[in-house]
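As provided, query22.cif (mmCIF, C-alpha atoms and all ligand atoms) reads as follows.
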data_my_file
#
loop_
_atom_site.group_PDB
_atom_site.id
_atom_site.type_symbol
_atom_site.label_atom_id
_atom_site.label_comp_id
_atom_site.auth_asym_id
_atom_site.auth_seq_id
_atom_site.Cartn_x
_atom_site.Cartn_y
_atom_site.Cartn_z
ATOM 1 C CA MET Z 1 -17.294 207.360 -95.346
ATOM 2 C CA SER Z 2 -16.205 203.778 -94.820
ATOM 3 C CA THR Z 3 -14.467 202.782 -91.606
ATOM 4 C CA GLU Z 4 -13.351 199.432 -93.039
ATOM 5 C CA ILE Z 5 -9.706 198.597 -92.340
ATOM 6 C CA MET Z 6 -7.675 197.443 -95.353
ATOM 7 C CA SER Z 7 -5.947 194.099 -95.325
ATOM 8 C CA PRO Z 8 -2.165 194.437 -95.856
ATOM 9 C CA SER Z 9 -2.475 192.229 -98.943
ATOM 10 C CA GLN Z 10 -5.200 194.404 -100.483
ATOM 11 C CA PRO Z 11 -3.766 196.795 -103.108
ATOM 12 C CA LEU Z 12 -3.856 200.467 -102.182
ATOM 13 C CA LEU Z 13 -3.813 201.582 -105.836
ATOM 14 C CA HIS Z 14 -6.032 200.352 -108.646
ATOM 15 C CA ARG Z 15 -4.943 200.867 -112.232
ATOM 16 C CA VAL Z 16 -7.620 202.620 -114.287
ATOM 17 C CA ALA Z 17 -5.656 203.670 -117.390
ATOM 18 C CA GLU Z 18 -2.656 202.687 -119.520
ATOM 19 C CA LYS Z 19 -3.251 199.006 -118.867
ATOM 20 C CA ASP Z 20 -1.658 198.008 -122.189
ATOM 21 C CA ARG Z 21 1.965 198.784 -121.268
ATOM 22 C CA ALA Z 22 4.420 195.857 -121.284
ATOM 23 C CA PRO Z 23 4.433 193.667 -118.150
ATOM 24 C CA VAL Z 24 7.477 193.735 -115.846
ATOM 25 C CA ARG Z 25 8.068 190.807 -113.497
ATOM 26 C CA PHE Z 26 9.736 191.434 -110.155
ATOM 27 C CA THR Z 27 9.548 190.145 -106.577
ATOM 28 C CA ILE Z 28 8.363 191.659 -103.288
ATOM 29 C CA ASP Z 29 9.802 189.930 -100.223
ATOM 30 C CA GLY Z 30 10.475 186.875 -102.364
ATOM 31 C CA GLN Z 31 6.951 186.704 -103.804
ATOM 32 C CA PRO Z 32 6.480 187.020 -107.581
ATOM 33 C CA ALA Z 33 4.711 190.183 -108.686
ATOM 34 C CA MET Z 34 3.980 192.030 -111.892
ATOM 35 C CA ALA Z 35 3.959 195.731 -112.741
ATOM 36 C CA LEU Z 36 3.814 197.580 -116.025
ATOM 37 C CA GLU Z 37 6.707 199.200 -117.871
ATOM 38 C CA GLY Z 38 7.057 202.802 -116.729
ATOM 39 C CA ASP Z 39 5.682 202.195 -113.224
ATOM 40 C CA THR Z 40 7.685 203.529 -110.325
ATOM 41 C CA VAL Z 41 8.684 201.054 -107.629
ATOM 42 C CA LEU Z 42 6.098 202.761 -105.405
ATOM 43 C CA THR Z 43 3.323 202.175 -107.944
ATOM 44 C CA ALA Z 44 4.526 198.632 -108.568
ATOM 45 C CA ILE Z 45 4.286 197.766 -104.876
ATOM 46 C CA LEU Z 46 1.083 199.660 -104.076
ATOM 47 C CA THR Z 47 -0.791 197.999 -106.944
ATOM 48 C CA GLN Z 48 0.021 194.728 -105.142
ATOM 49 C CA ARG Z 49 -0.229 195.689 -101.467
ATOM 50 C CA ALA Z 50 -1.794 198.169 -99.058
ATOM 51 C CA GLN Z 51 1.559 199.376 -97.760
ATOM 52 C CA LEU Z 52 4.961 200.142 -99.199
ATOM 53 C CA ARG Z 53 7.027 199.173 -96.182
ATOM 54 C CA ARG Z 54 7.189 199.432 -92.409
ATOM 55 C CA ASN Z 55 8.926 202.333 -90.730
ATOM 56 C CA GLU Z 56 12.354 201.181 -89.571
ATOM 57 C CA PHE Z 57 11.865 202.682 -86.103
ATOM 58 C CA SER Z 58 8.140 202.633 -85.264
ATOM 59 C CA HIS Z 59 7.357 199.624 -87.522
ATOM 60 C CA GLU Z 60 4.158 201.398 -88.571
ATOM 61 C CA PRO Z 61 2.975 200.809 -92.147
ATOM 62 C CA ARG Z 62 3.991 203.472 -94.668
ATOM 63 C CA ALA Z 63 2.863 204.188 -98.239
ATOM 64 C CA GLY Z 64 5.097 207.157 -99.043
ATOM 65 C CA PHE Z 65 3.989 210.710 -98.366
ATOM 66 C CA CYS Z 66 4.904 213.229 -101.072
ATOM 67 C CA TRP Z 67 5.264 210.782 -104.002
ATOM 68 C CA MET Z 68 7.622 213.274 -105.677
ATOM 69 C CA GLY Z 69 11.059 212.612 -104.199
ATOM 70 C CA ALA Z 70 11.043 215.138 -101.372
ATOM 71 C CA CYS Z 71 10.037 213.471 -98.086
ATOM 72 C CA GLN Z 72 12.291 210.369 -97.770
ATOM 73 C CA ASP Z 73 9.320 208.260 -96.663
ATOM 74 C CA CYS Z 74 9.540 205.653 -99.403
ATOM 75 C CA TRP Z 75 12.949 203.997 -99.074
ATOM 76 C CA VAL Z 76 12.883 200.280 -99.792
ATOM 77 C CA LEU Z 77 15.748 197.826 -100.115
ATOM 78 C CA THR Z 78 16.644 195.331 -102.780
ATOM 79 C CA ASP Z 79 17.692 191.807 -101.862
ATOM 80 C CA SER Z 80 21.272 192.873 -102.663
ATOM 81 C CA GLY Z 81 21.022 195.690 -100.091
ATOM 82 C CA GLU Z 82 20.655 198.683 -102.423
ATOM 83 C CA ARG Z 83 18.409 201.459 -101.095
ATOM 84 C CA LEU Z 84 15.842 202.771 -103.577
ATOM 85 C CA ARG Z 85 13.592 205.784 -103.319
ATOM 86 C CA ALA Z 86 10.446 204.046 -104.486
ATOM 87 C CA CYS Z 87 8.610 207.098 -105.782
ATOM 88 C CA SER Z 88 11.398 208.173 -108.128
ATOM 89 C CA THR Z 89 12.815 204.812 -109.259
ATOM 90 C CA PHE Z 90 11.332 202.914 -112.179
ATOM 91 C CA ILE Z 91 10.626 199.225 -111.784
ATOM 92 C CA THR Z 92 12.933 196.969 -113.813
ATOM 93 C CA PRO Z 93 12.574 193.303 -114.766
ATOM 94 C CA GLY Z 94 13.841 190.944 -112.089
ATOM 95 C CA LEU Z 95 14.131 193.609 -109.395
ATOM 96 C CA ALA Z 96 13.985 191.861 -105.992
ATOM 97 C CA LEU Z 97 12.493 194.241 -103.424
ATOM 98 C CA ARG Z 98 12.348 193.968 -99.644
ATOM 99 C CA THR Z 99 9.646 195.791 -97.771
ATOM 100 C CA GLU Z 100 10.037 194.164 -94.359
ATOM 101 C CA PRO Z 101 11.505 193.608 -92.002
ATOM 102 C CA VAL Z 102 13.607 196.666 -92.617
ATOM 103 C CA ASP Z 103 15.438 197.523 -89.451
ATOM 104 C CA ALA Z 104 17.545 200.465 -88.464
ATOM 105 C CA MET Z 105 20.726 198.450 -88.986
ATOM 106 C CA ASP Z 106 19.933 197.986 -92.670
ATOM 107 C CA PHE Z 107 19.745 201.748 -93.120
ATOM 108 C CA ALA Z 108 22.619 202.568 -90.757
ATOM 109 C CA SER Z 109 24.890 200.334 -92.810
ATOM 110 C CA GLY Z 110 23.546 201.636 -96.105
ATOM 111 C CA GLY Z 111 21.831 198.305 -96.621
ATOM 112 C CA GLN Z 112 25.110 196.404 -96.480
ATOM 113 C CA ALA Z 113 24.247 194.210 -93.450
HETATM 114 S S1 LIG Y 201 7.254 209.467 -101.190
HETATM 115 FE FE1 LIG Y 201 8.348 211.244 -100.583
HETATM 116 S S2 LIG Y 201 10.385 210.893 -101.297
HETATM 117 FE FE2 LIG Y 201 9.217 209.205 -102.039
#

Represent the structure contained in this file as structure tokens.
Ligand code: FES
Amino acid sequence: MSTEIMSPSQPLLHRVAEKDRAPVRFTIDGQPAMALEGDTVLTAILTQRAQLRRNEFSHEPRAGFCWMGACQDCWVLTDSGERLRACSTFITPGLALRTEPVDAMDFASGGQA
């Protein structure tokens, strides 16, 4: 078993099938990114990065937990302040996602800082 630590910019997920779906352009923290049609926001981010977001309280890296809409560990924000559950929201063209810094005030105000 490897003890190598992943770089935050190293993708956690690697696509091995269905690579011929239509591309979907979006941004992560202002950086251009590309997913495939039908990807969830969680898949779209984790095929680009090692982490989904940082916990709003501990600031530890998170990558979701259940991946089926039950644990609340995958909330991310859009640039407009909308909260999205990444594991149950499909990526859409032009979606501007924020993964950090996400602080408690963003969530306390429903993302309307
Ligand atoms: S990963 Fe559990 S609700 Fe999204």

Can you pull out every residue within 10 Å of Ile45 in chain Z, counting all atoms listed in the file, but drop anything in the same chain fewer than 2 positions away, and send it as a ChimeraX atom specification? /Z:11-13,26-28,33-35,39-43,47-53,63,86,91,97,99

For the residues selected in the previous step, produce a file with C-alpha atoms as a PDB file, keeping the file's coordinate frame.
ATOM      1  CA  PRO Z  11      -3.766 196.795-103.108  1.00  0.00           C
ATOM      2  CA  LEU Z  12      -3.856 200.467-102.182  1.00  0.00           C
ATOM      3  CA  LEU Z  13      -3.813 201.582-105.836  1.00  0.00           C
ATOM      4  CA  PHE Z  26       9.736 191.434-110.155  1.00  0.00           C
ATOM      5  CA  THR Z  27       9.548 190.145-106.577  1.00  0.00           C
ATOM      6  CA  ILE Z  28       8.363 191.659-103.288  1.00  0.00           C
ATOM      7  CA  ALA Z  33       4.711 190.183-108.686  1.00  0.00           C
ATOM      8  CA  MET Z  34       3.980 192.030-111.892  1.00  0.00           C
ATOM      9  CA  ALA Z  35       3.959 195.731-112.741  1.00  0.00           C
ATOM     10  CA  ASP Z  39       5.682 202.195-113.224  1.00  0.00           C
ATOM     11  CA  THR Z  40       7.685 203.529-110.325  1.00  0.00           C
ATOM     12  CA  VAL Z  41       8.684 201.054-107.629  1.00  0.00           C
ATOM     13  CA  LEU Z  42       6.098 202.761-105.405  1.00  0.00           C
ATOM     14  CA  THR Z  43       3.323 202.175-107.944  1.00  0.00           C
ATOM     15  CA  THR Z  47      -0.791 197.999-106.944  1.00  0.00           C
ATOM     16  CA  GLN Z  48       0.021 194.728-105.142  1.00  0.00           C
ATOM     17  CA  ARG Z  49      -0.229 195.689-101.467  1.00  0.00           C
ATOM     18  CA  ALA Z  50      -1.794 198.169 -99.058  1.00  0.00           C
ATOM     19  CA  GLN Z  51       1.559 199.376 -97.760  1.00  0.00           C
ATOM     20  CA  LEU Z  52       4.961 200.142 -99.199  1.00  0.00           C
ATOM     21  CA  ARG Z  53       7.027 199.173 -96.182  1.00  0.00           C
ATOM     22  CA  ALA Z  63       2.863 204.188 -98.239  1.00  0.00           C
ATOM     23  CA  ALA Z  86      10.446 204.046-104.486  1.00  0.00           C
ATOM     24  CA  ILE Z  91      10.626 199.225-111.784  1.00  0.00           C
ATOM     25  CA  LEU Z  97      12.493 194.241-103.424  1.00  0.00           C
ATOM     26  CA  THR Z  99       9.646 195.791 -97.771  1.00  0.00           C
TER      27      THR Z  99
END

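Residues of protein, DNA or RNA having any atom at most 10 Å from ligand LIG 201 (chain Y), counting only C-alpha atoms and all ligand atoms, are Z:Val41, Z:Leu42, Z:Leu52, Z:Arg62, Z:Ala63, Z:Gly64, Z:Phe65, Z:Cys66, Z:Trp67, Z:Met68, Z:Gly69, Z:Ala70, Z:Cys71, Z:Gln72, Z:Asp73, Z:Cys74, Z:Trp75, Z:Val76, Z:Leu84, Z:Arg85, Z:Ala86, Z:Cys87, Z:Ser88, Z:Thr89.
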
Atomic distance CA of Leu77 in chain Z - CA of Ser7 in chain Z, expressed in Å with one decimal: 22.5 Å
